[in-house]
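Peer 1: Data file target.pdb (PDB, C-alpha atoms and all ligand atoms) is appended below.
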ATOM      1  CA  MET A  21      83.439 114.667 196.056
ATOM      2  CA  LYS A  22      84.097 116.769 192.967
ATOM      3  CA  LYS A  23      81.974 115.733 190.042
ATOM      4  CA  ASN A  24      83.649 115.634 186.642
ATOM      5  CA  PRO A  25      81.355 115.797 183.645
ATOM      6  CA  ILE A  26      82.235 112.994 181.216
ATOM      7  CA  VAL A  27      79.422 113.888 178.818
ATOM      8  CA  SER A  28      77.937 117.360 178.323
ATOM      9  CA  LEU A  29      74.963 118.332 176.233
ATOM     10  CA  ASP A  30      74.851 122.064 175.663
ATOM     11  CA  HIS A  31      71.597 123.435 174.200
ATOM     12  CA  VAL A  32      71.216 120.455 171.907
ATOM     13  CA  SER A  33      68.314 120.370 169.436
ATOM     14  CA  PHE A  34      67.593 117.749 166.831
ATOM     15  CA  GLN A  35      64.908 117.378 164.176
ATOM     16  CA  TYR A  36      64.498 114.387 161.851
ATOM     17  CA  GLU A  37      64.497 115.373 158.198
ATOM     18  CA  GLY A  38      61.066 116.375 156.985
ATOM     19  CA  HIS A  39      59.641 116.550 160.527
ATOM     20  CA  GLU A  40      58.398 119.767 162.047
ATOM     21  CA  GLN A  41      58.583 118.598 165.646
ATOM     22  CA  TYR A  42      61.903 118.594 167.434
ATOM     23  CA  ALA A  43      62.842 115.114 168.645
ATOM     24  CA  LEU A  44      65.162 116.930 171.066
ATOM     25  CA  ASN A  45      64.492 120.509 171.974
ATOM     26  CA  ASN A  46      67.180 122.620 173.648
ATOM     27  CA  VAL A  47      68.535 119.902 175.921
ATOM     28  CA  THR A  48      71.284 120.797 178.385
ATOM     29  CA  PHE A  49      72.737 118.543 181.074
ATOM     30  CA  ASP A  50      75.941 116.867 182.263
ATOM     31  CA  ILE A  51      76.650 113.232 182.940
ATOM     32  CA  TYR A  52      79.298 112.653 185.605
ATOM     33  CA  GLU A  53      82.183 110.257 185.541
ATOM     34  CA  GLY A  54      81.362 107.008 187.316
ATOM     35  CA  GLU A  55      77.666 107.643 187.858
ATOM     36  CA  TRP A  56      74.734 105.437 186.915
ATOM     37  CA  LEU A  57      72.289 107.733 185.213
ATOM     38  CA  ALA A  58      68.834 106.591 184.184
ATOM     39  CA  ILE A  59      66.997 108.469 181.443
ATOM     40  CA  VAL A  60      63.263 107.879 181.565
ATOM     41  CA  GLY A  61      60.339 109.231 179.578
ATOM     42  CA  HIS A  62      57.251 108.261 177.608
ATOM     43  CA  ASN A  63      57.441 106.653 174.199
ATOM     44  CA  GLY A  64      58.672 109.222 171.698
ATOM     45  CA  SER A  65      60.128 111.566 174.336
ATOM     46  CA  GLY A  66      63.509 111.568 172.585
ATOM     47  CA  LYS A  67      65.514 109.012 174.561
ATOM     48  CA  SER A  68      66.758 106.909 171.646
ATOM     49  CA  THR A  69      67.468 110.031 169.621
ATOM     50  CA  MET A  70      69.711 111.159 172.451
ATOM     51  CA  ALA A  71      71.527 107.805 172.397
ATOM     52  CA  LYS A  72      72.024 108.149 168.626
ATOM     53  CA  LEU A  73      73.457 111.649 169.039
ATOM     54  CA  LEU A  74      75.838 110.513 171.778
ATOM     55  CA  ASN A  75      77.158 107.835 169.489
ATOM     56  CA  GLY A  76      77.327 110.118 166.455
ATOM     57  CA  LEU A  77      74.741 108.193 164.443
ATOM     58  CA  GLN A  78      73.050 111.574 164.042
ATOM     59  CA  PHE A  79      74.372 115.093 164.591
ATOM     60  CA  PRO A  80      72.449 117.898 166.303
ATOM     61  CA  GLN A  81      71.329 120.869 164.214
ATOM     62  CA  GLN A  82      71.938 123.121 167.190
ATOM     63  CA  GLY A  83      74.085 122.887 170.282
ATOM     64  CA  GLU A  84      77.167 120.905 171.190
ATOM     65  CA  ILE A  85      77.943 117.527 172.709
ATOM     66  CA  THR A  86      81.245 116.866 174.470
ATOM     67  CA  VAL A  87      82.407 113.363 175.392
ATOM     68  CA  CYS A  88      85.508 112.824 177.565
ATOM     69  CA  GLY A  89      86.469 116.437 176.866
ATOM     70  CA  ILE A  90      86.261 115.987 173.089
ATOM     71  CA  PRO A  91      83.661 117.959 171.094
ATOM     72  CA  LEU A  92      81.635 115.446 169.118
ATOM     73  CA  ASN A  93      81.782 116.002 165.364
ATOM     74  CA  GLU A  94      82.371 114.064 162.171
ATOM     75  CA  THR A  95      86.137 113.985 162.718
ATOM     76  CA  SER A  96      86.108 112.935 166.368
ATOM     77  CA  ILE A  97      83.368 110.356 166.013
ATOM     78  CA  TRP A  98      85.626 107.303 165.602
ATOM     79  CA  ASP A  99      87.600 108.222 168.667
ATOM     80  CA  ILE A 100      84.401 108.794 170.644
ATOM     81  CA  ARG A 101      82.813 105.498 169.583
ATOM     82  CA  ARG A 102      85.733 103.692 171.225
ATOM     83  CA  ARG A 103      84.792 105.356 174.491
ATOM     84  CA  ILE A 104      81.038 104.802 174.378
ATOM     85  CA  GLY A 105      79.617 101.296 174.175
ATOM     86  CA  MET A 106      75.983 100.785 173.189
ATOM     87  CA  VAL A 107      73.591  97.960 173.967
ATOM     88  CA  PHE A 108      70.202  98.033 172.277
ATOM     89  CA  GLN A 109      66.765  96.616 172.913
ATOM     90  CA  ASN A 110      66.565  93.489 170.788
ATOM     91  CA  PRO A 111      68.927  90.698 171.908
ATOM     92  CA  ASP A 112      68.577  88.867 168.581
ATOM     93  CA  ASN A 113      69.635  91.787 166.403
ATOM     94  CA  GLN A 114      72.884  92.170 168.303
ATOM     95  CA  PHE A 115      74.267  88.676 168.172
ATOM     96  CA  VAL A 116      76.782  88.544 165.325
ATOM     97  CA  GLY A 117      78.939  85.536 166.258
ATOM     98  CA  THR A 118      78.128  81.851 165.834
ATOM     99  CA  THR A 119      79.097  81.190 169.467
ATOM    100  CA  VAL A 120      79.226  83.276 172.638
ATOM    101  CA  GLU A 121      83.013  83.472 172.440
ATOM    102  CA  ASP A 122      83.009  84.539 168.782
ATOM    103  CA  ASP A 123      80.395  87.142 169.434
ATOM    104  CA  VAL A 124      82.490  88.895 172.078
ATOM    105  CA  ALA A 125      85.661  88.516 169.993
ATOM    106  CA  PHE A 126      84.027  90.133 166.968
ATOM    107  CA  GLY A 127      84.462  93.751 168.095
ATOM    108  CA  LEU A 128      88.032  93.093 169.234
ATOM    109  CA  GLU A 129      88.937  91.644 165.858
ATOM    110  CA  ASN A 130      87.618  94.784 164.226
ATOM    111  CA  TYR A 131      89.917  96.871 166.409
ATOM    112  CA  GLY A 132      92.887  94.646 165.628
ATOM    113  CA  VAL A 133      93.550  93.543 169.212
ATOM    114  CA  PRO A 134      96.348  90.918 169.237
ATOM    115  CA  ARG A 135      95.150  87.300 169.580
ATOM    116  CA  GLU A 136      96.549  86.561 173.048
ATOM    117  CA  GLU A 137      95.081  89.722 174.525
ATOM    118  CA  MET A 138      91.824  89.040 172.728
ATOM    119  CA  VAL A 139      91.437  85.616 174.378
ATOM    120  CA  GLN A 140      92.088  87.194 177.756
ATOM    121  CA  ARG A 141      89.624  90.037 177.247
ATOM    122  CA  VAL A 142      86.897  87.687 176.002
ATOM    123  CA  GLN A 143      87.356  85.492 179.091
ATOM    124  CA  ASP A 144      87.396  88.440 181.502
ATOM    125  CA  SER A 145      84.364  90.194 180.154
ATOM    126  CA  LEU A 146      82.295  86.991 179.926
ATOM    127  CA  HIS A 147      83.302  86.168 183.490
ATOM    128  CA  LYS A 148      81.970  89.527 184.690
ATOM    129  CA  VAL A 149      78.534  88.870 183.211
ATOM    130  CA  LYS A 150      78.611  85.241 184.431
ATOM    131  CA  MET A 151      78.632  83.765 180.937
ATOM    132  CA  ASP A 152      82.114  82.227 180.967
ATOM    133  CA  GLN A 153      80.689  78.725 181.363
ATOM    134  CA  LEU A 154      78.934  79.015 178.012
ATOM    135  CA  LEU A 155      81.796  80.020 175.703
ATOM    136  CA  HIS A 156      80.885  77.609 172.916
ATOM    137  CA  GLN A 157      77.133  77.944 173.171
ATOM    138  CA  GLU A 158      75.245  78.961 170.038
ATOM    139  CA  PRO A 159      72.831  81.883 170.224
ATOM    140  CA  HIS A 160      69.655  79.840 169.721
ATOM    141  CA  HIS A 161      70.393  77.963 172.966
ATOM    142  CA  LEU A 162      70.498  81.179 174.976
ATOM    143  CA  SER A 163      67.737  83.052 176.783
ATOM    144  CA  GLY A 164      67.127  86.741 176.031
ATOM    145  CA  GLY A 165      68.833  87.707 179.290
ATOM    146  CA  GLN A 166      71.881  85.603 178.418
ATOM    147  CA  LYS A 167      72.113  87.173 174.960
ATOM    148  CA  GLN A 168      71.975  90.659 176.425
ATOM    149  CA  ARG A 169      74.712  89.746 178.898
ATOM    150  CA  VAL A 170      76.857  88.568 175.968
ATOM    151  CA  ALA A 171      76.130  91.890 174.220
ATOM    152  CA  ILE A 172      77.257  93.721 177.369
ATOM    153  CA  ALA A 173      80.419  91.582 177.511
ATOM    154  CA  GLY A 174      81.101  92.419 173.845
ATOM    155  CA  VAL A 175      80.913  96.108 174.639
ATOM    156  CA  MET A 176      82.955  95.830 177.841
ATOM    157  CA  ALA A 177      85.720  93.886 176.077
ATOM    158  CA  LEU A 178      86.429  97.094 174.142
ATOM    159  CA  ARG A 179      87.042  98.866 177.478
ATOM    160  CA  PRO A 180      84.761 101.851 177.036
ATOM    161  CA  SER A 181      84.508 104.632 179.651
ATOM    162  CA  ILE A 182      80.765 104.851 179.116
ATOM    163  CA  ILE A 183      78.092 102.259 178.387
ATOM    164  CA  ILE A 184      74.655 103.227 177.082
ATOM    165  CA  LEU A 185      71.829 100.714 177.454
ATOM    166  CA  ASP A 186      68.844 101.718 175.346
ATOM    167  CA  GLU A 187      65.880  99.731 176.680
ATOM    168  CA  ALA A 188      68.301  96.810 176.960
ATOM    169  CA  THR A 189      66.058  94.968 179.433
ATOM    170  CA  SER A 190      62.650  95.807 177.994
ATOM    171  CA  MET A 191      62.245  92.637 175.913
ATOM    172  CA  LEU A 192      63.327  90.373 178.759
ATOM    173  CA  ASP A 193      61.313  88.403 181.288
ATOM    174  CA  PRO A 194      61.722  89.392 184.968
ATOM    175  CA  ARG A 195      64.515  86.865 185.467
ATOM    176  CA  GLY A 196      66.463  88.042 182.399
ATOM    177  CA  ARG A 197      65.997  91.623 183.501
ATOM    178  CA  ALA A 198      67.316  90.863 186.973
ATOM    179  CA  GLU A 199      70.353  89.046 185.501
ATOM    180  CA  VAL A 200      71.210  91.971 183.259
ATOM    181  CA  LEU A 201      70.804  94.537 186.040
ATOM    182  CA  ASP A 202      72.955  92.377 188.272
ATOM    183  CA  SER A 203      75.681  92.328 185.606
ATOM    184  CA  ILE A 204      75.567  96.098 185.275
ATOM    185  CA  ARG A 205      75.866  96.470 189.027
ATOM    186  CA  THR A 206      78.921  94.186 189.038
ATOM    187  CA  LEU A 207      80.600  96.174 186.267
ATOM    188  CA  LYS A 208      79.809  99.454 188.000
ATOM    189  CA  SER A 209      81.311  98.310 191.277
ATOM    190  CA  GLU A 210      84.565  97.162 189.729
ATOM    191  CA  LYS A 211      85.642 100.207 187.791
ATOM    192  CA  SER A 212      84.917 103.842 187.145
ATOM    193  CA  LEU A 213      82.486 103.005 184.367
ATOM    194  CA  THR A 214      79.749 105.539 183.605
ATOM    195  CA  VAL A 215      76.393 103.875 182.938
ATOM    196  CA  ILE A 216      73.571 105.566 181.040
ATOM    197  CA  SER A 217      70.486 103.401 181.168
ATOM    198  CA  ILE A 218      67.601 104.476 179.026
ATOM    199  CA  THR A 219      64.397 102.860 180.169
ATOM    200  CA  HIS A 220      60.700 103.400 180.584
ATOM    201  CA  ASP A 221      60.797 101.084 183.600
ATOM    202  CA  LEU A 222      60.914 103.216 186.740
ATOM    203  CA  GLU A 223      61.672 100.158 188.869
ATOM    204  CA  GLU A 224      64.920  99.822 186.928
ATOM    205  CA  ALA A 225      65.601 103.559 187.050
ATOM    206  CA  ALA A 226      65.210 103.414 190.823
ATOM    207  CA  LYS A 227      68.516 101.537 191.007
ATOM    208  CA  ALA A 228      70.397 104.427 189.370
ATOM    209  CA  ASP A 229      72.275 107.199 191.213
ATOM    210  CA  ARG A 230      70.337 109.853 189.357
ATOM    211  CA  ILE A 231      67.360 110.059 187.020
ATOM    212  CA  ILE A 232      66.590 112.439 184.172
ATOM    213  CA  VAL A 233      62.937 112.583 183.145
ATOM    214  CA  MET A 234      62.335 113.463 179.496
ATOM    215  CA  ASN A 235      59.062 114.812 178.160
ATOM    216  CA  LYS A 236      58.397 115.732 174.531
ATOM    217  CA  GLY A 237      62.049 116.172 173.653
ATOM    218  CA  LYS A 238      62.885 118.273 176.726
ATOM    219  CA  VAL A 239      64.396 117.602 180.116
ATOM    220  CA  PHE A 240      61.435 117.744 182.467
ATOM    221  CA  GLN A 241      63.150 116.999 185.769
ATOM    222  CA  GLU A 242      66.440 115.725 187.134
ATOM    223  CA  GLY A 243      67.294 114.284 190.548
ATOM    224  CA  THR A 244      67.932 111.287 192.784
ATOM    225  CA  PRO A 245      65.345 108.470 192.649
ATOM    226  CA  ASP A 246      63.900 109.784 195.917
ATOM    227  CA  VAL A 247      63.363 113.251 194.433
ATOM    228  CA  ILE A 248      61.905 111.846 191.209
ATOM    229  CA  PHE A 249      59.466 109.470 192.925
ATOM    230  CA  ALA A 250      58.228 112.324 195.084
ATOM    231  CA  MET A 251      56.809 113.750 191.839
ATOM    232  CA  ASP A 252      54.253 111.009 192.134
ATOM    233  CA  GLU A 253      51.065 111.846 190.172
ATOM    234  CA  GLN A 254      53.085 114.009 187.807
ATOM    235  CA  LEU A 255      55.000 110.931 186.654
ATOM    236  CA  ILE A 256      51.737 109.209 185.763
ATOM    237  CA  GLN A 257      50.678 112.280 183.804
ATOM    238  CA  LEU A 258      53.960 112.017 181.905
ATOM    239  CA  GLY A 259      53.007 108.497 180.884
ATOM    240  CA  LEU A 260      55.238 106.651 183.357
ATOM    241  CA  ASP A 261      54.223 103.862 185.675
ATOM    242  CA  ILE A 262      55.199 104.244 189.332
ATOM    243  CA  PRO A 263      56.824 101.178 190.962
ATOM    244  CA  PHE A 264      54.608  98.997 193.139
ATOM    245  CA  SER A 265      56.589  99.749 196.306
ATOM    246  CA  VAL A 266      56.057 103.487 195.805
ATOM    247  CA  LYS A 267      52.303 103.055 195.313
ATOM    248  CA  MET A 268      52.237 100.878 198.424
ATOM    249  CA  ALA A 269      54.201 103.409 200.490
ATOM    250  CA  LYS A 270      51.799 106.099 199.387
ATOM    251  CA  ALA A 271      48.747 104.041 200.366
ATOM    252  CA  LEU A 272      50.363 103.332 203.739
ATOM    253  CA  GLY A 273      51.004 107.047 204.190
ATOM    254  CA  LYS A 274      47.299 107.710 203.805
ATOM    255  CA  GLN A 275      46.732 105.292 206.684
ATOM    256  CA  GLY A 276      49.136 107.295 208.835
ATOM    257  CA  ILE A 277      52.091 104.935 208.375
ATOM    258  CA  LYS A 278      55.058 107.161 207.568
ATOM    259  CA  LEU A 279      58.169 105.594 206.096
ATOM    260  CA  SER A 280      61.768 106.828 206.173
ATOM    261  CA  LYS A 281      62.170 107.673 202.470
ATOM    262  CA  TYR A 282      59.991 108.289 199.491
ATOM    263  CA  TYR A 283      61.569 105.584 197.404
ATOM    264  CA  LEU A 284      62.053 102.168 199.008
ATOM    265  CA  SER A 285      62.662  98.988 197.035
ATOM    266  CA  GLU A 286      60.227  96.158 197.766
ATOM    267  CA  GLU A 287      62.795  94.521 200.056
ATOM    268  CA  GLU A 288      63.435  97.774 201.921
ATOM    269  CA  LEU A 289      59.725  98.324 202.276
ATOM    270  CA  VAL A 290      59.247  94.867 203.802
ATOM    271  CA  THR A 291      62.162  95.384 206.205
ATOM    272  CA  GLU A 292      60.843  98.769 207.231
ATOM    273  CA  LEU A 293      57.363  97.438 207.826
ATOM    274  CA  TRP A 294      58.713  94.660 210.059
ATOM    275  CA  THR A 295      60.582  97.182 212.159
ATOM    276  CA  TYR A 296      57.574  99.465 212.200
ATOM    277  CA  ARG A 297      55.369  96.675 213.482
ATOM    278  CA  SER A 298      57.768  95.711 216.267
ATOM    279  CA  HIS A 299      57.667  99.318 217.578
ATOM    280  CA  MET A 300      53.919  99.355 217.952
TER     281      MET A 300
HETATM  282  N1  LIG A 401      64.076 107.645 162.192
HETATM  283  C1  LIG A 401      63.150 108.549 162.503
HETATM  284  N2  LIG A 401      62.590 109.339 161.565
HETATM  285  C2  LIG A 401      61.665 110.269 161.881
HETATM  286  N3  LIG A 401      61.230 110.510 163.131
HETATM  287  C3  LIG A 401      61.748 109.751 164.115
HETATM  288  C4  LIG A 401      62.726 108.737 163.860
HETATM  289  N4  LIG A 401      63.051 108.149 165.036
HETATM  290  C5  LIG A 401      62.314 108.771 165.974
HETATM  291  N5  LIG A 401      61.529 109.723 165.440
HETATM  292  C6  LIG A 401      60.617 110.637 166.167
HETATM  293  O1  LIG A 401      61.401 111.374 167.102
HETATM  294  C7  LIG A 401      60.730 111.487 168.350
HETATM  295  C8  LIG A 401      61.589 110.887 169.450
HETATM  296  O2  LIG A 401      61.694 109.495 169.228
HETATM  297  P1  LIG A 401      62.679 108.563 170.061
HETATM  298  O3  LIG A 401      63.961 109.269 170.264
HETATM  299  O4  LIG A 401      62.715 107.244 169.386
HETATM  300  O5  LIG A 401      61.914 108.461 171.465
HETATM  301  P2  LIG A 401      61.985 107.363 172.621
HETATM  302  O6  LIG A 401      63.250 106.577 172.455
HETATM  303  O7  LIG A 401      61.949 108.175 173.875
HETATM  304  O8  LIG A 401      60.767 106.518 172.504
HETATM  305  C9  LIG A 401      59.378 110.804 168.168
HETATM  306  O9  LIG A 401      58.436 111.781 167.858
HETATM  307  C10 LIG A 401      59.624 109.870 167.022
HETATM  308  O10 LIG A 401      58.430 109.638 166.309
HETATM  309 MG    MG A 402      63.546 104.496 172.328
END
In structure tokens, how does this file's structure come out?
Ligand SMILES: Nc1ncnc2c1ncn2[C@@H]1O[C@H](COP(=O)(O)OP(=O)(O)O)[C@@H](O)[C@H]1O
Ligand SMILES: [Mg+2]
Peer 2:
Amino acid sequence: MKKNPIVSLDHVSFQYEGHEQYALNNVTFDIYEGEWLAIVGHNGSGKSTMAKLLNGLQFPQQGEITVCGIPLNETSIWDIRRRIGMVFQNPDNQFVGTTVEDDVAFGLENYGVPREEMVQRVQDSLHKVKMDQLLHQEPHHLSGGQKQRVAIAGVMALRPSIIILDEATSMLDPRGRAEVLDSIRTLKSEKSLTVISITHDLEEAAKADRIIVMNKGKVFQEGTPDVIFAMDEQLIQLGLDIPFSVKMAKALGKQGIKLSKYYLSEEELVTELWTYRSHM
């Protein structure tokens, strides 16, 4: 399969005004159409800065960013913002409507989408995140996970090619997190959406097609979850916490129990151990 870059960062550097340190330092990589890319890294490694640059909230001092073949600059930014949807960390700061339905309609109103089409798009996108039963619900009746799913629906209603989730699950409880990840998986499977999920949760990153590890404003490593989890101790040194199943697999390895892959989800690990046992 030929991979088409949908986003390219070419030697991008960025410094906040009055700061000596580069928040991003000579960053180069491509993001491919239709992939689910996770960007991980310690606090302050530059992940949110990258999200801000991709959305044109800041502009790099050096280097170039291209989105959907368009060089990102002050003139192209409005066009590019239609193609990139962003979901942020705090579910409460993102809810602008008085009901679920209004909240999703808000962005569409801003883009002047005709009423009939608007109703349809609101319905469709809320259906995809399993919130269509709660159209008239007010935000204070919703859980954090439900609010984030409404935020995702609001973004999806605008039909972007790319969605960026910046720590979108980090304030949620395990159930809310699972609901949101499930919604993203559904969206991914239905269309050629490109997902960029920024997270410090490696368990979440493990679900992605590919992971980029950031360290101090630079790309430290890039690869499939299996390749990244093989880095093992190095990840801990970078301030990241390895998923439980990976720690478990490693401990089992020390006991001579070799598993098929480096990264297994907890379910896969259990299945593999059952099979392992029945062979003994
Ligand atoms: N608005 C800002 N003004 C000045 N420095 C900032 C600002 N936002 C972030 N930084 C600095 O830029 C670096 C990268 O931060 P950030 O992109 O937020 O990292 P991450 O999202 O990975 O935690 C950090 O050193 C941080 O302190
Ligand atoms: Mg951040």
Peer 1: Neighbourhood query: residues within 8 Å of (82.5, 79.9, 173.5), file coordinates, counting only C-alpha atoms; return as an MDAnalysis selection string.
Peer 2: chainID A and resid 119:122 152 154:157
Peer 1: So that I have them on file, write out the residues from the current selection with C-alpha atoms, as a JSON list (two decimals), in the frame of the given file.
Peer 2:
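For reference, part_14.json as written:
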[["chain", "number", "residue", "atom", "x", "y", "z"],
["A", 119, "THR", "CA", 79.10, 81.19, 169.47],
["A", 120, "VAL", "CA", 79.23, 83.28, 172.64],
["A", 121, "GLU", "CA", 83.01, 83.47, 172.44],
["A", 122, "ASP", "CA", 83.01, 84.54, 168.78],
["A", 152, "ASP", "CA", 82.11, 82.23, 180.97],
["A", 154, "LEU", "CA", 78.93, 79.02, 178.01],
["A", 155, "LEU", "CA", 81.80, 80.02, 175.70],
["A", 156, "HIS", "CA", 80.89, 77.61, 172.92],
["A", 157, "GLN", "CA", 77.13, 77.94, 173.17]]
Peer 1: Would you list the contacts of Leu146 in chain A as a list in words, taking every protein, DNA or RNA residue within 8 Å and counting all atoms listed in the file, but skipping same-chain residues closer than 4 positions in sequence?
Peer 2: Val142, Lys150, Met151, Asp152, Val170 and Ala173 of chain A
Peer 1: Determine, using only C-alpha atoms and all ligand atoms, which residues of chain A have any atom at most 10 Å from an atom of ligand LIG 401 (chain A), and tabulate each with its shortest atom pair and distance in Å to one decimal place, rows ordered by chain and then rising number, as CSV.
Peer 2:
residue,atom,partner,partner_atom,distance
A:Phe34,CA,A:LIG401,O1,8.9
A:Gln35,CA,A:LIG401,O1,7.5
A:Tyr36,CA,A:LIG401,C2,5.0
A:Glu37,CA,A:LIG401,C2,6.9
A:Gly38,CA,A:LIG401,C2,7.8
A:His39,CA,A:LIG401,C2,6.7
A:Glu40,CA,A:LIG401,N3,9.7
A:Gln41,CA,A:LIG401,O9,7.2
A:Tyr42,CA,A:LIG401,O1,7.2
A:Ala43,CA,A:LIG401,C7,4.2
A:Leu44,CA,A:LIG401,C8,7.2
A:Ile59,CA,A:LIG401,O7,9.1
A:Val60,CA,A:LIG401,O7,7.8
A:Gly61,CA,A:LIG401,O7,6.0
A:His62,CA,A:LIG401,O7,6.0
A:Asn63,CA,A:LIG401,O8,3.7
A:Gly64,CA,A:LIG401,O5,3.3
A:Ser65,CA,A:LIG401,O7,3.9
A:Gly66,CA,A:LIG401,O3,3.3
A:Lys67,CA,A:LIG401,O7,3.7
A:Ser68,CA,A:LIG401,O6,3.6
A:Thr69,CA,A:LIG401,O3,3.6
A:Met70,CA,A:LIG401,O3,6.4
A:Ala71,CA,A:LIG401,O3,8.0
A:Lys72,CA,A:LIG401,O3,8.3
A:Leu73,CA,A:LIG401,O3,9.9
A:Gln78,CA,A:LIG401,N1,10.0
A:Asp186,CA,A:LIG401,O6,8.0
A:Glu187,CA,A:LIG401,O6,8.5
A:Ile218,CA,A:LIG401,O6,8.2
A:Thr219,CA,A:LIG401,O7,8.6
A:His220,CA,A:LIG401,O7,8.3
A:Met234,CA,A:LIG401,O7,7.7
A:Asn235,CA,A:LIG401,O7,8.4
A:Lys236,CA,A:LIG401,C8,7.7
A:Gly237,CA,A:LIG401,C8,6.8
Peer 1: Using the chain letters and numbers from the file, which residues does the PyMOL selection byres (((chain A and resi 26) around 7) and not hetatm) grab, as a PDB file with C-alpha atoms, keeping the file's coordinate frame?
Peer 2:
ATOM      1  CA  ASN A  24      83.649 115.634 186.642  1.00  0.00           C
ATOM      2  CA  PRO A  25      81.355 115.797 183.645  1.00  0.00           C
ATOM      3  CA  VAL A  27      79.422 113.888 178.818  1.00  0.00           C
ATOM      4  CA  SER A  28      77.937 117.360 178.323  1.00  0.00           C
ATOM      5  CA  ILE A  51      76.650 113.232 182.940  1.00  0.00           C
ATOM      6  CA  TYR A  52      79.298 112.653 185.605  1.00  0.00           C
ATOM      7  CA  GLU A  53      82.183 110.257 185.541  1.00  0.00           C
ATOM      8  CA  VAL A  87      82.407 113.363 175.392  1.00  0.00           C
ATOM      9  CA  CYS A  88      85.508 112.824 177.565  1.00  0.00           C
ATOM     10  CA  GLY A  89      86.469 116.437 176.866  1.00  0.00           C
TER      11      GLY A  89
END
Peer 1: Give the answer as one residue: which of A:Val200, A:Asn110, A:Arg205, A:Met251 has the shortest atom-to-atom distance to ligand MG 402 (chain A), using all atoms listed in the file?
Peer 2: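 Of the candidates, the smallest distance to ligand MG 402 (chain A) is held by A:Asn110.
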Peer 1: So, with all atoms listed in the file as the atoms that count, which of A:Ile183, A:Ala188, A:Ile90, A:Val139 lies closest to ligand MG 402 (chain A)?
Peer 2: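 Checking each candidate against ligand MG 402 (chain A), we get A:Ala188 as the closest.
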Peer 1: Which of these, A:Leu213, A:Leu260, A:Val149, A:Leu293, has the shortest distance to Ala225 in chain A once you count only C-alpha atoms?
Peer 2: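 Checking each of A:Leu213, A:Leu260, A:Val149, A:Leu293 against Ala225 in chain A, counting only C-alpha atoms, the winner is A:Leu260.
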Peer 1: Out of A:Glu137, A:Glu242, A:Glu55, A:Asp193, which residue has the shortest atom-to-atom distance to Lys227 in chain A when counting only C-alpha atoms?
Peer 2: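 So, comparing all the options, the nearest one is A:Glu55.
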Peer 1: Any chance you could work out the residue set of the PyMOL selection byres (((chain A and resi 176-178) around 9) and not hetatm) here, as a list in words?
Peer 2: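 Evaluating the PyMOL selection byres (((chain A and resi 176-178) around 9) and not hetatm) on this file yields Arg102, Arg103, Gly105, Val124, Ala125, Gly127, Leu128, Tyr131, Met138, Arg141, Val142, Asp144, Ser145, Leu146, Ala171, Ile172, Ala173, Gly174, Val175, Arg179, Pro180, Ile183 and Leu207 of chain A.
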Peer 1: Could you tell me which of A:Ile248, A:Ile232, A:Ile104, A:Leu185 comes closest to ligand MG 402 (chain A) if we count only C-alpha atoms and all ligand atoms?
Peer 2: A:Leu185
Peer 1: Ranking A:Val239, A:Leu162, A:Arg135, A:Phe115 by minimum distance to Asp50 in chain A and counting all atoms listed in the file, which one comes first?
Peer 2: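 The answer is A:Val239, which sits nearest to Asp50 in chain A.
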Peer 1: Do you know which residues the PyMOL selection byres (((chain A and resi 246) around 9) and not hetatm) returns on this file, as a list in words?
Peer 2: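 Checking the PyMOL selection byres (((chain A and resi 246) around 9) and not hetatm) against this file, the residues are Ala226, Gly243, Thr244, Pro245, Val247, Ile248, Phe249, Ala250, Lys281, Tyr282, Tyr283 and Leu284 of chain A.
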Peer 1: Work out how far apart CA of Gly76 in chain A and CA of Ser96 in chain A are and give it in Å to one decimal.
Peer 2: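 The value is 9.2 Å.
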Peer 1: What's the separation between CA of Thr48 in chain A and CA of His31 in chain A, in Å to one decimal place?
Peer 2: 5.0 Å
Peer 1: CA of Ile182 in chain A to CA of Ile216 in chain A: how many Å, to one decimal?
Peer 2: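 Answer for the CA of Ile182 in chain A to CA of Ile216 in chain A separation: 7.5 Å.
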Peer 1: Using all atoms of range 235-240 of chain A listed in the file and a margin of 5 Å per side, can you give the axis-aligned box centre and edge lengths in Å to one decimal, as lines of an AutoDock Vina configuration file?
Peer 2:
center_x = 61.4
center_y = 116.5
center_z = 178.1
size_x = 16.0
size_y = 13.5
size_z = 18.8
